[in-house]
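The block underneath contains the structure these notes are about, expressed in structure tokens.
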Amino acid sequence: MDSEISIKAKKLQAIISEHSYKYHVLDNSDISDIEYDRLYKELKYLESQYPEIIVPESPTQRIGEKKSRDFDAIEHNPPMMSLGNAFNRDELDSWIQKTKKLLNTDYGITCELKIDGLAISLRYNKGIFVEGSTRGNGFEGENVTDNLRTIHTIPLKLFGNPPDSLEVRGEVYISKKAFKELNAERLLKGLPAYANPRNTAAGSVRQLDPIITAQRPLKIFIYGIGSTNPELKFNSHWETLNWLKDLGFPINDHSKYYSETMDINDFYYNWLDLHSKLDYETDGIVIKVDDENKKSFLGHTGREPRWAIAYKWPSQHTSTKLLAIEISVGRTGRITPYAVLEPISLSGVTITHASLHNYDYIVDRDIRIGDIVNIERAGDVIPQIIKPLYSNEHAKLIKFSMPINCPGCNHQIIRDPSEASHYCINALCPSQKAEKINHFLSKSAMDIQGIGDKWVKVFLEKEIISDVADLYDLRIENLLEMNRMGNKLAKKMIDNIESSKTKSLDSLLIGLGIKHVGSEISELLCSHFQTLDAIQEAQIDDLLLILGIGPKVANSLLDFFNDEGNKILLKKLRRIGINTTYLSLNAAITENKETFLTRKIFCITGTLETMTRMEISNYLKNNGATVTSSITKKTNFLIIGNNPSQSKVESSKIYNIQQINEAEFMSLSSPSKKFLK
């Protein structure tokens, strides 16, 4: 290859990339469009004459080939967690005070606008963009690399001196102006207008044809790092944002650092008035503990970080006519009324249904079919009816009465006297079966895609399945007998069902629909017991040893695993070969971290001097120990600080539990210490 040609191409690539960054990211172009086009055409011509000089980071390589299949999956490590939400000042104050208590001090924070777009991950090797994916379920997303390459605000090659491997997280969006222009263009072509910018951005990123994505005016803001190799240590999130900006990533300029949490109000109320004037949609602000060491200490709970929260803008309201009140039957038999509404647009979304919670909610507000009702939608929360807009016509309307019989099986509906809910107690109710299976299929559980609610109902009606285990006995020939079932769809269903057999145990536990067992509880159970057999054999005392599991959850687990019907279901699932072992993302690390603390049970009492109780608890749990809030006969050690609980000290003597002070605990770094039994 001619070295002069190669040098010229690299120079053109660098010049074009720099001007593209100034135009698309800084919005400050220093050359004309004509000059930019001339440079681009010159590079394009060189690459067409000498294909060997083409590199992936070249500005001409933003648009790839059309895909002929679905997107591959990419694992996120660390996971892309979702944020907890605060919808009012009381909820925000609760988070602030809880965080202060955990840290035992006030803390600096970074406030950012919460962009209403699609969360994505970008990966770079030696500064070159190599892979991009959607958030998906947080643990893995869809490989949309070719589509993300078409977004001009995503750098294909980074400035400066990036690490060998870098993953960043951001939000893809469409500006309000570009969205209006896109819709105007569609209407001129006789095509329907898009509903809102966020859904349009998400749909554009997931197009199978990058050429279509390239025609959509997408942009991105980067808000943080996922991982680096070699690992880089930053003192603060604010420092991280500035480092990312120096690499060429578009960072939202309105982010701001505050040394005290009391300053959050300034940021929130300033943008509460101004956010509607921005050229992109936001749905609140994001508040992050700024100090990276404090963030690491706080960690996360379930799939939400403890060090960040989204503070949403106030709910938006509108009114429309209530056409009907219908009821749904949940997987537990719970009867839930919901509203059927005259379609109305709210926050860019067409609302046709709204939550009514329970019968008492309807009665207390005297909501009647035919009322004009006030609708509220806060962030991504399901719309709900606040109250009727009472008029002279209201008194003429008929009051709502809860049906006597279940719409799914005609069994009598009963009311639980201990709560405000009605239930169908028929365990064979087909509506409950359908909901249980849909829950098992859902993303938060076994994530079996391609089978929706309609197909589940068809399978139940045709009696080819009766429970979730029967899904694994389905064959393509069974499915092809169904109306409107093609070979491609049937194969996809079977493949997705089969691949779900390898899901981690925590996904299976969620899918089983055990009362009070969600993602956080399932992870606690799996981390402690590791296998389904161990969980199934656990007694009440074993369950209560786990920090975060109380009597309500423990009894629910015992009830579920003692039920004969559930025993049969679990036996069927084992027979078909479903995984019953916890596949932790850190399994390899956990294996290598087997220490003398592993499987030991600790209790802590009193005030400590060199470490907080939270720090010691995290250290113990990270090394395989269990930390409990009370003494039992299974406790191995009681760590005693200043002003300890005398009842715990006395209990430890009764059970002959070894007592250690703070200094002795600090020496636990050596497994040879004599006080370890």
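Residues in the structure tokens are numbered from 1 in each chain, the chains being A, B, ... in the order shown, and ligands are numbered from 1 in the order shown.
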Residue set, segment 281-390 of chain A restricted to helix (DSSP H, G or I), as a list of chain:residue names: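 Matching residues, listed in order: A:Glu292, A:Asn293, A:Lys294, A:Lys295, A:Ser296, A:Phe297, A:Leu298, A:Tyr359, A:Asp360, A:Tyr361, A:Ile362, A:Val363, A:Asp364.
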Can you pull out every residue within 8 Å of segment 98-108 of chain A, counting only C-alpha atoms, but drop anything in the same chain fewer than 4 positions away, and send it as an MDAnalysis selection string? chainID A and resid 94 257:261 289:291 294 298 306:307 614
What does the file look like for those residues with C-alpha atoms, as a PDB file, in the first residue's frame?
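Contents of part_2.pdb, as written:
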ATOM      1  CA  SER A  94     -36.208  10.062  53.087  1.00  0.00           C
ATOM      2  CA  TYR A 257     -21.754  19.653  41.540  1.00  0.00           C
ATOM      3  CA  TYR A 258     -22.922  20.717  45.032  1.00  0.00           C
ATOM      4  CA  SER A 259     -20.990  20.225  48.269  1.00  0.00           C
ATOM      5  CA  GLU A 260     -24.173  19.742  50.334  1.00  0.00           C
ATOM      6  CA  THR A 261     -27.492  17.963  49.772  1.00  0.00           C
ATOM      7  CA  VAL A 289     -23.440  10.796  45.655  1.00  0.00           C
ATOM      8  CA  ASP A 290     -20.321  12.357  44.150  1.00  0.00           C
ATOM      9  CA  ASP A 291     -17.510  10.709  46.134  1.00  0.00           C
ATOM     10  CA  LYS A 294     -18.732   6.595  49.272  1.00  0.00           C
ATOM     11  CA  LEU A 298     -23.125   2.282  49.626  1.00  0.00           C
ATOM     12  CA  ARG A 306     -28.113   3.167  46.865  1.00  0.00           C
ATOM     13  CA  TRP A 307     -25.960   6.130  45.791  1.00  0.00           C
ATOM     14  CA  MET A 614     -22.048  -1.094  57.690  1.00  0.00           C
TER      15      MET A 614
END
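Residue nearest Ile451 of chain A within the list A:Lys653, A:His237, A:Lys396, A:Lys491: A:Lys491 [criterion: smallest interatomic distance, only C-alpha atoms].
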Can you pull out the residues contacting segment 167-169 of chain A? Cut-off 8 Å, using only C-alpha atoms, and skip same-chain residues under 5 positions away; I want them as an MDAnalysis selection string. chainID A and resid 119:124 222:228
In Å, with one decimal, what is the gap from atom CA of Pro388 of chain A to atom CA of Ile362 of chain A? 10.2 Å
Write out as a ChimeraX atom specification each polymer residue whose atoms come within 12 Å of Glu463 of chain A, counting only C-alpha atoms; drop sequence neighbours fewer than 4 positions from it. /A:430,433,456-459,467,470-471,474,478
Keeping only N, CA and C atoms, write the selected residues as a PDB file, in the first residue's frame.
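This is the output file out26.pdb:
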ATOM      1  N   PRO A 430     -58.655 -20.495  34.978  1.00  0.00           N
ATOM      2  CA  PRO A 430     -57.806 -20.305  33.787  1.00  0.00           C
ATOM      3  C   PRO A 430     -57.171 -18.924  33.709  1.00  0.00           C
ATOM      4  N   LYS A 433     -54.106 -19.095  35.763  1.00  0.00           N
ATOM      5  CA  LYS A 433     -53.093 -19.885  35.054  1.00  0.00           C
ATOM      6  C   LYS A 433     -52.380 -19.031  34.013  1.00  0.00           C
ATOM      7  N   VAL A 456     -50.414 -17.547  24.968  1.00  0.00           N
ATOM      8  CA  VAL A 456     -50.623 -18.297  26.214  1.00  0.00           C
ATOM      9  C   VAL A 456     -52.081 -18.718  26.330  1.00  0.00           C
ATOM     10  N   LYS A 457     -52.986 -17.797  26.028  1.00  0.00           N
ATOM     11  CA  LYS A 457     -54.419 -18.123  26.089  1.00  0.00           C
ATOM     12  C   LYS A 457     -54.786 -19.215  25.088  1.00  0.00           C
ATOM     13  N   VAL A 458     -54.193 -19.135  23.898  1.00  0.00           N
ATOM     14  CA  VAL A 458     -54.467 -20.166  22.879  1.00  0.00           C
ATOM     15  C   VAL A 458     -53.967 -21.528  23.360  1.00  0.00           C
ATOM     16  N   PHE A 459     -52.756 -21.568  23.910  1.00  0.00           N
ATOM     17  CA  PHE A 459     -52.184 -22.831  24.390  1.00  0.00           C
ATOM     18  C   PHE A 459     -53.050 -23.441  25.486  1.00  0.00           C
ATOM     19  N   ASP A 467     -49.459 -25.737  32.816  1.00  0.00           N
ATOM     20  CA  ASP A 467     -48.627 -24.977  33.742  1.00  0.00           C
ATOM     21  C   ASP A 467     -47.322 -24.612  33.040  1.00  0.00           C
ATOM     22  N   ASP A 470     -45.082 -27.330  31.350  1.00  0.00           N
ATOM     23  CA  ASP A 470     -45.525 -27.895  30.071  1.00  0.00           C
ATOM     24  C   ASP A 470     -44.956 -27.145  28.873  1.00  0.00           C
ATOM     25  N   LEU A 471     -44.527 -25.897  29.090  1.00  0.00           N
ATOM     26  CA  LEU A 471     -43.914 -25.135  28.000  1.00  0.00           C
ATOM     27  C   LEU A 471     -42.706 -25.880  27.431  1.00  0.00           C
ATOM     28  N   LEU A 474     -43.284 -28.562  24.719  1.00  0.00           N
ATOM     29  CA  LEU A 474     -43.816 -28.162  23.411  1.00  0.00           C
ATOM     30  C   LEU A 474     -42.850 -28.555  22.296  1.00  0.00           C
ATOM     31  N   ASN A 478     -46.380 -29.371  17.373  1.00  0.00           N
ATOM     32  CA  ASN A 478     -47.556 -28.952  18.147  1.00  0.00           C
ATOM     33  C   ASN A 478     -47.973 -27.533  17.781  1.00  0.00           C
TER      34      ASN A 478
END
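Comparing A:Ala193, A:Ile115, A:Ile128, A:Leu148 by their smallest distance to Ile212 of chain A, the closest is A:Leu148 (using only C-alpha atoms).
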